[in-house]
$ cat entry.txt   # compact mmCIF, C-alpha atoms
# COMPACT_ATOMS: atom_id res chain seq x y z
CA MET A 1 29.95 -2.36 14.91
CA VAL A 2 30.24 0.71 12.67
CA LEU A 3 33.32 -0.72 10.96
CA GLU A 4 31.48 -3.99 10.35
CA LEU A 5 28.53 -2.13 8.82
CA ASP A 6 30.92 -0.09 6.67
CA LYS A 7 32.22 -3.32 5.14
CA LYS A 8 28.80 -4.87 4.59
CA ALA A 9 26.95 -1.70 3.58
CA PRO A 10 29.37 0.96 2.31
CA TRP A 11 26.49 3.18 1.15
CA LEU A 12 25.54 3.93 4.78
CA LYS A 13 28.18 6.66 4.98
CA ASN A 14 25.99 8.63 2.55
CA TYR A 15 22.88 8.40 4.73
CA GLY A 16 23.80 11.44 6.83
CA ASP A 17 21.44 11.74 9.80
CA VAL A 18 19.00 9.15 8.45
CA LYS A 19 18.91 6.06 10.70
CA PHE A 20 19.93 2.74 9.17
CA HIS A 21 16.93 1.00 10.75
CA LEU A 22 13.59 2.74 10.93
CA ASP A 23 11.03 2.14 13.64
CA TYR A 24 7.65 1.14 12.25
CA PRO A 25 4.41 1.16 14.20
CA GLU A 26 2.72 -2.13 15.04
CA THR A 27 -0.18 -1.70 12.63
CA THR A 28 -1.35 -2.59 9.16
CA MET A 29 -0.63 -0.48 6.08
CA SER A 30 -4.19 0.81 6.09
CA GLY A 31 -3.96 1.42 9.83
CA ALA A 32 -0.95 3.68 9.29
CA VAL A 33 -2.76 5.61 6.54
CA LEU A 34 -5.93 5.97 8.62
CA GLU A 35 -3.92 7.11 11.65
CA THR A 36 -2.25 9.75 9.50
CA ALA A 37 -5.69 10.81 8.29
CA LYS A 38 -6.88 11.16 11.87
CA ASN A 39 -3.86 13.25 12.88
CA ASN A 40 -3.46 15.26 9.66
CA PRO A 41 -6.78 15.21 7.79
CA ASP A 42 -6.02 18.21 5.60
CA PHE A 43 -2.56 17.05 4.48
CA SER A 44 -2.26 15.99 0.86
CA ALA A 45 -2.25 12.20 0.54
CA LEU A 46 -2.43 11.86 -3.24
CA ALA A 47 -2.04 14.08 -6.27
CA PHE A 48 -3.68 13.05 -9.51
CA MET A 49 -4.00 15.06 -12.69
CA GLY A 50 -3.52 18.36 -10.87
CA ARG A 51 -5.96 17.51 -8.07
CA GLU A 52 -4.83 17.11 -4.46
CA ILE A 53 -6.63 14.45 -2.41
CA SER A 54 -6.53 14.97 1.35
CA TYR A 55 -5.95 12.26 3.92
CA ALA A 56 -9.51 12.84 5.17
CA HIS A 57 -10.90 12.09 1.72
CA LEU A 58 -8.56 9.12 1.30
CA ALA A 59 -9.75 7.67 4.63
CA TYR A 60 -13.39 8.18 3.61
CA LYS A 61 -12.82 6.39 0.29
CA ILE A 62 -10.92 3.53 1.96
CA ASP A 63 -13.84 2.96 4.35
CA GLU A 64 -16.36 3.24 1.51
CA CYS A 65 -14.48 0.65 -0.58
CA ALA A 66 -14.02 -1.66 2.40
CA LYS A 67 -17.78 -1.66 2.98
CA ALA A 68 -18.40 -2.40 -0.70
CA PHE A 69 -15.91 -5.28 -0.73
CA LYS A 70 -17.52 -6.74 2.40
CA ALA A 71 -20.95 -6.37 0.81
CA ILE A 72 -19.91 -8.59 -2.10
CA GLY A 73 -18.49 -11.19 0.28
CA ILE A 74 -14.78 -10.43 0.46
CA LYS A 75 -13.47 -11.23 3.91
CA GLU A 76 -10.27 -11.58 5.89
CA ASP A 77 -7.60 -13.76 4.24
CA ASP A 78 -9.34 -13.71 0.85
CA ARG A 79 -6.95 -13.05 -2.02
CA VAL A 80 -8.00 -10.36 -4.45
CA THR A 81 -6.13 -9.22 -7.55
CA LEU A 82 -6.49 -5.62 -8.67
CA CYS A 83 -6.03 -5.05 -12.38
CA MET A 84 -6.38 -1.29 -12.58
CA PRO A 85 -4.45 1.69 -13.94
CA ASN A 86 -2.59 4.18 -11.74
CA VAL A 87 -5.62 6.13 -10.52
CA PRO A 88 -6.81 7.09 -7.02
CA GLN A 89 -9.43 4.32 -7.09
CA THR A 90 -6.64 1.75 -7.20
CA VAL A 91 -5.17 3.21 -4.01
CA TYR A 92 -8.60 3.21 -2.34
CA CYS A 93 -9.15 -0.44 -3.27
CA PHE A 94 -5.68 -1.57 -2.21
CA TYR A 95 -5.97 -0.05 1.27
CA ALA A 96 -9.62 -1.10 1.63
CA LEU A 97 -8.66 -4.72 1.04
CA ASN A 98 -5.87 -4.39 3.59
CA ARG A 99 -8.31 -2.79 6.05
CA ILE A 100 -10.61 -5.83 5.99
CA GLY A 101 -7.68 -8.24 6.17
CA ALA A 102 -7.81 -9.46 2.59
CA ILE A 103 -4.61 -9.99 0.64
CA ALA A 104 -4.33 -7.63 -2.32
CA THR A 105 -2.15 -8.33 -5.31
CA MET A 106 -1.76 -6.05 -8.28
CA ILE A 107 -1.13 -6.68 -11.94
CA HIS A 108 -0.73 -4.27 -14.80
CA PRO A 109 -3.99 -3.72 -16.67
CA LEU A 110 -2.28 -4.07 -20.03
CA SER A 111 -0.88 -7.51 -19.20
CA ALA A 112 -1.43 -10.22 -21.78
CA VAL A 113 -4.14 -12.79 -21.10
CA GLY A 114 -1.53 -15.48 -20.39
CA GLU A 115 0.23 -13.24 -17.87
CA ILE A 116 -3.03 -12.46 -16.11
CA GLU A 117 -3.89 -16.15 -15.96
CA PHE A 118 -0.42 -16.93 -14.57
CA TYR A 119 -0.67 -14.28 -11.83
CA LEU A 120 -4.19 -15.30 -10.83
CA ASN A 121 -3.08 -18.92 -10.52
CA GLU A 122 0.17 -17.98 -8.76
CA THR A 123 -1.60 -15.89 -6.13
CA GLU A 124 -4.67 -18.13 -5.91
CA SER A 125 -6.87 -15.05 -6.06

$ encode --input "entry.txt" --output "structure tokens"
Amino acid sequence: MVLELDKKAPWLKNYGDVKFHLDYPETTMSGAVLETAKNNPDFSALAFMGREISYAHLAYKIDECAKAFKAIGIKEDDRVTLCMPNVPQTVYCFYALNRIGAIATMIHPLSAVGEIEFYLNETES
């Protein structure tokens, strides 16, 4: 088996003690983040412009955004495109949409109008 992997994936010899296959929990992306927040609330989740944002604060903001999205009618399986810069609010929105079961897609906020139209049509959001 190892010899077969060496032929198909020669880079594995450089992995050291890192496993080739990782075990992932049976949860959503937001579920994993919120579980981390529960277990390690004071750990740093995000850093933005010199400010550290804890997992506790991230979890709070995810829940706050999820409630806001629900309040405007976004529900499970809805497709929502985020067109935002790389700021903490984008992270909050992305995980909030995942938390309520909506499908989040992201596009660059400086995309041309035609690109935005293409992505909105492509994702049916």

$ atom_distance --input "entry.txt" --atom1 "CA of Gly31 in chain A" --atom2 "CA of Ser54 in chain A"
16.2 Å

$ atom_distance --input "entry.txt" --atom1 "CA of Phe118 in chain A" --atom2 "CA of Ile74 in chain A"
21.8 Å

$ residues_around --input "entry.txt" --residues "range 34-36 of chain A" --least-positions-apart "5" --cutoff "10 Å" --atoms "all atoms listed in the file" --output "list in words"
Thr27, Thr28, Met29, Pro41, Phe43, Ala45, Tyr55, Ala56, Leu58, Ala59, Tyr60, Ile62, Asp63, Tyr95 and Arg99 of chain A

$ atom_distance --input "entry.txt" --atom1 "CA of Ser111 in chain A" --atom2 "CA of Ala96 in chain A"
23.5 Å

$ closest_residue --input "entry.txt" --among "A:Tyr92, A:Ser44, A:Asn98, A:Cys83" --to "Val113 in chain A" --atoms "all atoms listed in the file"
A:Cys83

$ closest_residue --input "entry.txt" --among "A:Ala68, A:Val80, A:Ile116, A:Val91" --to "Ala104 in chain A" --atoms "all atoms listed in the file"
A:Val80

$ residues_around --input "entry.txt" --residues "Asn121 in chain A" --least-positions-apart "5" --cutoff "12 Å" --atoms "all atoms listed in the file" --output "VMD selection string"
chain A and resid 79 to 81 105 114 to 116

$ closest_residue --input "entry.txt" --among "A:Thr90, A:Ala102, A:Tyr15, A:Asn39" --to "Lys61 in chain A" --atoms "only C-alpha atoms"
A:Thr90
